[in-house]
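Colleague: data.cif is reproduced below (mmCIF, C-alpha atoms and all ligand atoms).
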```cif
data_protein
loop_
_atom_site.group_PDB
_atom_site.id
_atom_site.type_symbol
_atom_site.label_atom_id
_atom_site.label_comp_id
_atom_site.auth_asym_id
_atom_site.auth_seq_id
_atom_site.Cartn_x
_atom_site.Cartn_y
_atom_site.Cartn_z
ATOM 1 C CA MET A 1 193.415 -121.415 172.785
ATOM 2 C CA GLU A 2 195.364 -118.381 173.775
ATOM 3 C CA HIS A 3 193.879 -116.202 176.489
ATOM 4 C CA ARG A 4 194.468 -112.514 176.345
ATOM 5 C CA SER A 5 192.465 -110.459 178.719
ATOM 6 C CA GLN A 6 192.629 -107.341 176.589
ATOM 7 C CA ILE A 7 193.544 -106.240 173.092
ATOM 8 C CA PHE A 8 193.443 -102.890 171.317
ATOM 9 C CA TRP A 9 191.586 -102.696 167.999
ATOM 10 C CA ASP A 10 192.629 -99.931 165.624
ATOM 11 C CA VAL A 11 190.267 -99.188 162.733
ATOM 12 C CA ASP A 12 191.709 -97.946 159.444
ATOM 13 C CA THR A 13 194.253 -95.440 160.775
ATOM 14 C CA GLN A 14 195.759 -95.081 157.312
ATOM 15 C CA VAL A 15 197.385 -92.206 155.433
ATOM 16 C CA ASP A 16 194.488 -91.631 153.020
ATOM 17 C CA PHE A 17 192.064 -91.127 155.916
ATOM 18 C CA LEU A 18 194.229 -89.295 158.425
ATOM 19 C CA SER A 19 196.862 -87.266 156.684
ATOM 20 C CA PRO A 20 196.128 -83.707 155.488
ATOM 21 C CA TRP A 21 196.887 -84.841 151.902
ATOM 22 C CA GLY A 22 194.941 -88.110 152.176
ATOM 23 C CA LYS A 23 192.615 -89.056 149.333
ATOM 24 C CA LEU A 24 189.602 -89.497 151.633
ATOM 25 C CA ARG A 25 190.660 -87.305 154.511
ATOM 26 C CA VAL A 26 188.328 -87.374 157.497
ATOM 27 C CA PRO A 27 187.941 -83.685 158.405
ATOM 28 C CA GLY A 28 189.474 -82.930 161.770
ATOM 29 C CA ALA A 29 190.975 -86.391 162.096
ATOM 30 C CA GLU A 30 194.540 -85.026 162.362
ATOM 31 C CA ALA A 31 193.501 -83.877 165.820
ATOM 32 C CA ILE A 32 193.257 -87.454 167.116
ATOM 33 C CA VAL A 33 196.662 -88.517 165.785
ATOM 34 C CA PRO A 34 198.584 -87.658 169.002
ATOM 35 C CA THR A 35 196.063 -89.743 170.957
ATOM 36 C CA LEU A 36 196.363 -92.592 168.464
ATOM 37 C CA ARG A 37 200.130 -92.449 168.870
ATOM 38 C CA ARG A 38 199.792 -92.573 172.641
ATOM 39 C CA LEU A 39 197.473 -95.591 172.570
ATOM 40 C CA THR A 40 199.757 -97.434 170.148
ATOM 41 C CA GLN A 41 202.884 -96.719 172.196
ATOM 42 C CA TRP A 42 201.139 -97.731 175.392
ATOM 43 C CA ALA A 43 200.053 -101.021 173.850
ATOM 44 C CA GLY A 44 203.574 -101.676 172.591
ATOM 45 C CA GLU A 45 205.100 -100.939 175.980
ATOM 46 C CA HIS A 46 202.568 -103.053 177.868
ATOM 47 C CA ARG A 47 202.654 -105.964 175.429
ATOM 48 C CA VAL A 48 199.013 -105.499 174.534
ATOM 49 C CA LEU A 49 198.324 -106.847 171.054
ATOM 50 C CA VAL A 50 196.937 -104.308 168.580
ATOM 51 C CA VAL A 51 194.639 -105.734 165.919
ATOM 52 C CA ALA A 52 194.349 -103.212 163.103
ATOM 53 C CA SER A 53 191.970 -103.228 160.173
ATOM 54 C CA ALA A 54 193.271 -101.695 156.958
ATOM 55 C CA ASP A 55 191.614 -100.963 153.641
ATOM 56 C CA ALA A 56 193.629 -102.558 150.841
ATOM 57 C CA HIS A 57 191.686 -101.715 147.710
ATOM 58 C CA ARG A 58 192.126 -102.750 144.120
ATOM 59 C CA GLU A 59 191.846 -99.919 141.639
ATOM 60 C CA ASP A 60 188.398 -101.042 140.501
ATOM 61 C CA ASP A 61 186.828 -101.968 143.852
ATOM 62 C CA PRO A 62 183.024 -101.536 144.007
ATOM 63 C CA GLU A 63 183.452 -99.151 146.969
ATOM 64 C CA PHE A 64 184.797 -96.520 144.566
ATOM 65 C CA GLU A 65 181.334 -96.122 143.018
ATOM 66 C CA GLN A 66 180.373 -94.502 146.304
ATOM 67 C CA TRP A 67 183.638 -93.069 147.633
ATOM 68 C CA PRO A 68 186.612 -91.414 145.962
ATOM 69 C CA PRO A 69 189.426 -93.924 145.362
ATOM 70 C CA HIS A 70 191.504 -94.390 148.515
ATOM 71 C CA CYS A 71 193.882 -96.833 150.197
ATOM 72 C CA VAL A 72 194.787 -98.629 146.977
ATOM 73 C CA ALA A 73 197.191 -101.479 147.738
ATOM 74 C CA GLY A 74 200.740 -100.544 146.824
ATOM 75 C CA THR A 75 200.242 -96.778 147.237
ATOM 76 C CA GLY A 76 201.552 -94.627 150.078
ATOM 77 C CA GLY A 77 198.001 -93.711 151.010
ATOM 78 C CA GLN A 78 197.247 -97.305 151.922
ATOM 79 C CA LEU A 79 199.958 -97.430 154.597
ATOM 80 C CA LYS A 80 199.145 -97.155 158.249
ATOM 81 C CA ILE A 81 200.320 -93.819 159.588
ATOM 82 C CA PRO A 82 203.655 -94.191 161.419
ATOM 83 C CA GLU A 83 201.989 -93.119 164.686
ATOM 84 C CA THR A 84 199.875 -96.294 164.740
ATOM 85 C CA SER A 85 202.426 -98.729 163.317
ATOM 86 C CA LEU A 86 204.315 -101.161 165.477
ATOM 87 C CA PRO A 87 207.450 -102.855 164.173
ATOM 88 C CA ARG A 88 206.481 -106.507 164.575
ATOM 89 C CA GLN A 89 203.464 -106.673 162.307
ATOM 90 C CA LEU A 90 201.621 -109.691 160.922
ATOM 91 C CA VAL A 91 199.395 -108.993 157.902
ATOM 92 C CA LEU A 92 196.386 -111.235 157.295
ATOM 93 C CA PRO A 93 195.123 -110.782 153.724
ATOM 94 C CA ASN A 94 191.460 -111.035 152.817
ATOM 95 C CA ARG A 95 191.484 -114.787 152.144
ATOM 96 C CA ARG A 96 191.595 -117.585 154.658
ATOM 97 C CA VAL A 97 195.132 -118.173 155.846
ATOM 98 C CA GLU A 98 196.523 -120.096 158.752
ATOM 99 C CA ILE A 99 196.852 -117.825 161.760
ATOM 100 C CA PRO A 100 199.996 -118.667 163.765
ATOM 101 C CA ALA A 101 199.003 -120.565 166.908
ATOM 102 C CA ASP A 102 201.373 -118.440 168.960
ATOM 103 C CA LEU A 103 200.973 -114.741 168.307
ATOM 104 C CA SER A 104 203.256 -113.624 171.107
ATOM 105 C CA ALA A 105 206.002 -112.669 168.641
ATOM 106 C CA TRP A 106 203.740 -110.053 167.060
ATOM 107 C CA GLN A 107 202.801 -106.616 168.349
ATOM 108 C CA GLN A 108 200.235 -105.888 165.677
ATOM 109 C CA VAL A 109 197.999 -108.031 163.483
ATOM 110 C CA VAL A 110 196.682 -106.231 160.394
ATOM 111 C CA LEU A 111 193.441 -107.470 158.843
ATOM 112 C CA GLU A 112 193.144 -106.295 155.249
ATOM 113 C CA LYS A 113 189.721 -105.565 153.776
ATOM 114 C CA GLN A 114 188.065 -104.170 150.660
ATOM 115 C CA GLU A 115 184.734 -103.281 152.257
ATOM 116 C CA LEU A 116 183.610 -101.270 155.267
ATOM 117 C CA ASP A 117 183.197 -104.349 157.439
ATOM 118 C CA VAL A 118 186.463 -105.927 158.617
ATOM 119 C CA PHE A 119 184.615 -109.155 159.326
ATOM 120 C CA THR A 120 184.406 -109.693 155.553
ATOM 121 C CA ASN A 121 188.017 -110.830 156.069
ATOM 122 C CA PRO A 122 187.541 -114.554 156.818
ATOM 123 C CA ASN A 123 190.387 -114.451 159.345
ATOM 124 C CA ALA A 124 188.754 -111.835 161.571
ATOM 125 C CA ALA A 125 186.316 -114.012 163.495
ATOM 126 C CA PRO A 126 188.772 -116.931 163.901
ATOM 127 C CA LEU A 127 191.364 -114.465 165.226
ATOM 128 C CA VAL A 128 188.945 -113.162 167.860
ATOM 129 C CA GLU A 129 188.083 -116.736 168.843
ATOM 130 C CA GLN A 130 191.758 -117.705 169.010
ATOM 131 C CA LEU A 131 192.427 -114.758 171.300
ATOM 132 C CA GLY A 132 189.725 -116.014 173.638
ATOM 133 C CA ARG A 133 187.136 -113.310 172.912
ATOM 134 C CA PRO A 134 189.126 -110.719 174.812
ATOM 135 C CA ASP A 135 188.062 -107.321 176.083
ATOM 136 C CA VAL A 136 188.513 -104.951 173.151
ATOM 137 C CA VAL A 137 189.555 -101.311 173.340
ATOM 138 C CA LEU A 138 188.364 -99.910 170.025
ATOM 139 C CA TYR A 139 189.252 -96.682 168.194
ATOM 140 C CA GLY A 140 189.980 -95.213 164.758
ATOM 141 C CA VAL A 141 187.946 -94.003 161.781
ATOM 142 C CA VAL A 142 185.214 -93.588 160.676
ATOM 143 C CA THR A 143 182.959 -93.849 163.736
ATOM 144 C CA GLU A 144 179.649 -94.374 161.948
ATOM 145 C CA LEU A 145 181.094 -96.581 159.181
ATOM 146 C CA CYS A 146 183.935 -98.991 159.892
ATOM 147 C CA VAL A 147 184.267 -98.503 163.664
ATOM 148 C CA MET A 148 180.548 -99.156 164.088
ATOM 149 C CA ARG A 149 180.627 -102.348 162.034
ATOM 150 C CA ALA A 150 183.653 -103.747 163.842
ATOM 151 C CA ALA A 151 182.100 -102.939 167.221
ATOM 152 C CA ARG A 152 178.808 -104.658 166.389
ATOM 153 C CA HIS A 153 180.566 -107.881 165.377
ATOM 154 C CA LEU A 154 182.842 -107.845 168.400
ATOM 155 C CA VAL A 155 179.906 -107.414 170.761
ATOM 156 C CA ARG A 156 178.064 -110.251 169.007
ATOM 157 C CA LEU A 157 181.115 -112.473 169.364
ATOM 158 C CA GLY A 158 180.992 -111.921 173.112
ATOM 159 C CA CYS A 159 183.761 -109.372 173.555
ATOM 160 C CA ARG A 160 183.436 -106.562 176.039
ATOM 161 C CA VAL A 161 183.951 -103.481 173.885
ATOM 162 C CA THR A 162 185.254 -100.134 175.086
ATOM 163 C CA LEU A 163 185.122 -97.285 172.564
ATOM 164 C CA VAL A 164 187.760 -94.601 173.020
ATOM 165 C CA GLU A 165 185.800 -91.430 172.352
ATOM 166 C CA ASP A 166 188.750 -89.106 171.957
ATOM 167 C CA ALA A 167 190.505 -91.463 169.520
ATOM 168 C CA MET A 168 187.723 -91.682 166.929
ATOM 169 C CA ALA A 169 186.581 -89.348 164.163
ATOM 170 C CA ALA A 170 183.318 -89.128 162.242
ATOM 171 C CA LEU A 171 182.179 -87.834 158.886
ATOM 172 C CA ASN A 172 178.658 -87.184 160.188
ATOM 173 C CA ALA A 173 178.467 -86.242 163.857
ATOM 174 C CA ALA A 174 174.739 -86.928 164.222
ATOM 175 C CA GLU A 175 174.991 -90.403 162.678
ATOM 176 C CA ALA A 176 178.052 -91.139 164.789
ATOM 177 C CA ARG A 177 176.101 -90.224 167.936
ATOM 178 C CA GLU A 178 173.274 -92.579 166.936
ATOM 179 C CA CYS A 179 175.774 -95.375 166.327
ATOM 180 C CA LEU A 180 177.392 -94.842 169.714
ATOM 181 C CA ASP A 181 173.988 -94.888 171.397
ATOM 182 C CA GLU A 182 173.146 -98.141 169.619
ATOM 183 C CA LEU A 183 176.439 -99.699 170.678
ATOM 184 C CA ILE A 184 175.955 -98.599 174.279
ATOM 185 C CA GLY A 185 172.533 -100.245 174.115
ATOM 186 C CA LEU A 186 174.283 -103.453 173.029
ATOM 187 C CA GLY A 187 176.602 -103.277 176.036
ATOM 188 C CA ALA A 188 179.605 -101.344 174.769
ATOM 189 C CA ARG A 189 180.995 -98.617 176.967
ATOM 190 C CA LEU A 190 182.680 -95.314 176.298
ATOM 191 C CA ALA A 191 186.022 -94.277 177.725
ATOM 192 C CA ARG A 192 188.756 -91.781 177.084
ATOM 193 C CA ALA A 193 192.372 -92.531 176.227
ATOM 194 C CA ASP A 194 193.377 -91.514 179.751
ATOM 195 C CA ASP A 195 191.168 -94.284 181.123
ATOM 196 C CA VAL A 196 192.590 -97.068 178.962
ATOM 197 C CA ALA A 197 196.225 -95.997 178.618
ATOM 198 C CA GLY A 198 196.700 -93.877 181.670
ATOM 199 C CA SER A 199 199.400 -95.716 183.556
HETATM 200 ZN ZN ZN B 201 187.567 -98.253 151.614
#
```
What do you get writing this file as C-alpha cells?
Ligand SMILES: [Zn+2]
Modeller:
Amino acid sequence: MEHRSQIFWDVDTQVDFLSPWGKLRVPGAEAIVPTLRRLTQWAGEHRVLVVASADAHREDDPEFEQWPPHCVAGTGGQLKIPETSLPRQLVLPNRRVEIPADLSAWQQVVLEKQELDVFTNPNAAPLVEQLGRPDVVLYGVVTELCVMRAARHLVRLGCRVTLVEDAMAALNAAEARECLDELIGLGARLARADDVAGS
C-alpha cells in the first residue's frame, strides 16, 4: 500500500458547470475559478495528488430526466476547465480497471461517473484504500449534490476531510448549509484556500 498523507479531491470542475456558456452553469461559480486554479497549481508544485471526479454522460443518461443535458462524453463541455487540469492525468472509467500500483508518475487521477455519486465508479473506493485513506482536501461543485456525496463516502472510509469553503459553489445556499452542518457533525472540517495552499 502506498501512503500519502494528503490528497486534494476536485469535484466536477468541468466546462459545462463552470464556464459562462456551460450547459448546466452553476450561478456565480466563475467566481471560484481563480481559487480552483490556485489550489490546482499548489498541488502540482507540491506533488500532492489531485483526484478529480468528472461527469462523463451518454446522451441518454437517466440523469437528463432531471437535469438539462450536460458533460456528454466527447463534447467540449465535458472537459475539465484548464484551470483545474494537470498535465499528467490518469483517467479511470466507470468500470473496474486495474489501478497502477505506483501512482507517483501521475499528478491527477480522474474518476469518471454518470451519476451524482462518484463512488458509483467501482475504482473510487479501491483508489482511496490504495492511497492509505489519506487526509482529503475537498472542493468543487455542486456543494449540496456531488461534493456532499463524495464527502460522506470519504468520511465513512476513514479519511479526514477538509472542505474548502471558498472553492465550492452551490445551487441552493440553504441546502448547502445543511449539508455542511451534517458533514461537520460527521467530523469534517471547514477551511479556506489560504489555510490549505498558503505556503
Ligand atoms: Zn451529471
Colleague: Which residues are near ligand ZN 201 (chain B) - at most 10 Å, using all atoms listed in the file? Format: as a PyMOL selection string.
Modeller: chain A and resi 12+16-17+24+54-58+61-64+66-72+78+113-117+146
Colleague: Pull C-alpha atoms from the residues just selected and write them as a tab-separated table (two decimals), in the frame of the given file.
Modeller:
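Final output, saved to selection36.tsv:
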```tsv
chain	number	residue	atom	x	y	z
A	12	ASP	CA	191.71	-97.95	159.44
A	16	ASP	CA	194.49	-91.63	153.02
A	17	PHE	CA	192.06	-91.13	155.92
A	24	LEU	CA	189.60	-89.50	151.63
A	54	ALA	CA	193.27	-101.70	156.96
A	55	ASP	CA	191.61	-100.96	153.64
A	56	ALA	CA	193.63	-102.56	150.84
A	57	HIS	CA	191.69	-101.72	147.71
A	58	ARG	CA	192.13	-102.75	144.12
A	61	ASP	CA	186.83	-101.97	143.85
A	62	PRO	CA	183.02	-101.54	144.01
A	63	GLU	CA	183.45	-99.15	146.97
A	64	PHE	CA	184.80	-96.52	144.57
A	66	GLN	CA	180.37	-94.50	146.30
A	67	TRP	CA	183.64	-93.07	147.63
A	68	PRO	CA	186.61	-91.41	145.96
A	69	PRO	CA	189.43	-93.92	145.36
A	70	HIS	CA	191.50	-94.39	148.51
A	71	CYS	CA	193.88	-96.83	150.20
A	72	VAL	CA	194.79	-98.63	146.98
A	78	GLN	CA	197.25	-97.30	151.92
A	113	LYS	CA	189.72	-105.56	153.78
A	114	GLN	CA	188.06	-104.17	150.66
A	115	GLU	CA	184.73	-103.28	152.26
A	116	LEU	CA	183.61	-101.27	155.27
A	117	ASP	CA	183.20	-104.35	157.44
A	146	CYS	CA	183.94	-98.99	159.89
```
Colleague: Here is a test: counting all atoms listed in the file, which residue of A:Arg192, A:Arg160, A:His153, A:Arg47 is nearest to Arg133 (chain A)?
Modeller: A:Arg160
Colleague: Build an axis-aligned box that encloses every atom of region 128-135 of chain A listed in the file, pad it by 4 Å on each side, and report its centre and edge lengths in Å to one decimal, as lines of an AutoDock Vina configuration file.
Modeller:
```
center_x = 189.8
center_y = -112.5
center_z = 172.0
size_x = 13.3
size_y = 18.4
size_z = 16.2
```
Colleague: Interatomic distance between CA of Gly187 (chain A) and CA of Pro34 (chain A)?
Modeller: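 Interatomic distance, CA of Gly187 (chain A) to CA of Pro34 (chain A): 27.9 Å.
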Colleague: Quick one: of A:Leu49, A:Ala101, A:Ala167, A:Trp21, who's nearest to Gly77 (chain A), counting all atoms listed in the file?
Modeller: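 Closest to Gly77 (chain A) of all the choices is A:Trp21.
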Colleague: Interatomic distance between CA of Ala173 (chain A) and CA of Met148 (chain A)?
Modeller: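 It comes out at 13.1 Å.
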Colleague: Which residues, named as in the file, does the PyMOL selection byres (((chain A and resi 11) around 9) and not hetatm) pick out? Answer as a list in words.
Modeller: Trp9, Asp10, Asp12, Thr13, Gln14, Val51, Ala52, Ser53, Ala54, Val118, Leu138, Tyr139, Gly140, Val141, Val142, Cys146, Val147, Ala150 and Met168 of chain A
Colleague: Counting all atoms listed in the file, figure out which residue out of A:Val33, A:Val48, A:Ala124, A:Ile99 gets nearest to Thr84 (chain A).
Modeller: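 Checking each of A:Val33, A:Val48, A:Ala124, A:Ile99 against Thr84 (chain A), counting all atoms listed in the file, the winner is A:Val33.
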Colleague: CA of Glu83 (chain A) and CA of Lys23 (chain A), how far apart in Å?
Modeller: 18.4 Å
Colleague: Compare A:Ala169, A:Gln41, A:Leu163, A:Pro20 by their minimum atom-to-atom distance to Pro82 (chain A), counting only C-alpha atoms, and give me the closest one.
Modeller: A:Gln41
Colleague: Can you work out which one of A:Leu131, A:Leu79, A:Ala43, A:Ile7 has the shortest atom-to-atom distance to Glu112 (chain A), counting all atoms listed in the file?
Modeller: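 Of A:Leu131, A:Leu79, A:Ala43, A:Ile7, the one nearest Glu112 (chain A), counting all atoms listed in the file, is A:Leu79.
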Colleague: If I put a ball of radius 12 Å at (191.9, -116.5, 173.9) in the file's coordinates, which residues poke into it when counting all atoms listed in the file, written as a PyMOL selection string?
Modeller: chain A and resi 1-7+49+101-103+126-135+158-159
Colleague: Which one is closest to Arg96 (chain A): A:Val137, A:Ala125, A:Leu36, A:Val155? Count only C-alpha atoms.
Modeller: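 Going through A:Val137, A:Ala125, A:Leu36, A:Val155 one by one, the smallest distance to Arg96 (chain A) is for A:Ala125.
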Colleague: Because some atoms of region 174-186 of chain A are absent here, can you restore N, CA and C atoms and send them as a short mmCIF file (atom, residue, chain, number, x, y, z; two decimals), in the coordinates of the input?
Modeller:
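The resulting file, part-v7.cif, is shown below:
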```cif
data_model
loop_
_atom_site.label_atom_id
_atom_site.label_comp_id
_atom_site.auth_asym_id
_atom_site.auth_seq_id
_atom_site.Cartn_x
_atom_site.Cartn_y
_atom_site.Cartn_z
N ALA A 174 176.03 -86.46 163.74
CA ALA A 174 174.74 -86.93 164.22
C ALA A 174 174.61 -88.44 164.06
N GLU A 175 175.04 -88.94 162.89
CA GLU A 175 174.99 -90.40 162.68
C GLU A 175 175.93 -91.13 163.64
N ALA A 176 177.09 -90.52 163.87
CA ALA A 176 178.05 -91.14 164.79
C ALA A 176 177.44 -91.26 166.19
N ARG A 177 176.75 -90.21 166.61
CA ARG A 177 176.10 -90.22 167.94
C ARG A 177 175.07 -91.35 168.02
N GLU A 178 174.27 -91.49 166.95
CA GLU A 178 173.27 -92.58 166.94
C GLU A 178 173.95 -93.94 167.03
N CYS A 179 175.05 -94.10 166.29
CA CYS A 179 175.77 -95.38 166.33
C CYS A 179 176.29 -95.66 167.73
N LEU A 180 176.86 -94.64 168.37
CA LEU A 180 177.39 -94.84 169.71
C LEU A 180 176.27 -95.22 170.67
N ASP A 181 175.12 -94.56 170.53
CA ASP A 181 173.99 -94.89 171.40
C ASP A 181 173.55 -96.34 171.18
N GLU A 182 173.53 -96.75 169.90
CA GLU A 182 173.15 -98.14 169.62
C GLU A 182 174.14 -99.11 170.26
N LEU A 183 175.42 -98.80 170.13
CA LEU A 183 176.44 -99.70 170.68
C LEU A 183 176.37 -99.75 172.21
N ILE A 184 176.10 -98.61 172.82
CA ILE A 184 175.96 -98.60 174.28
C ILE A 184 174.76 -99.47 174.68
N GLY A 185 173.70 -99.39 173.88
CA GLY A 185 172.53 -100.24 174.12
C GLY A 185 172.87 -101.72 174.02
N LEU A 186 173.87 -102.05 173.18
CA LEU A 186 174.28 -103.45 173.03
C LEU A 186 175.28 -103.87 174.11
#
```
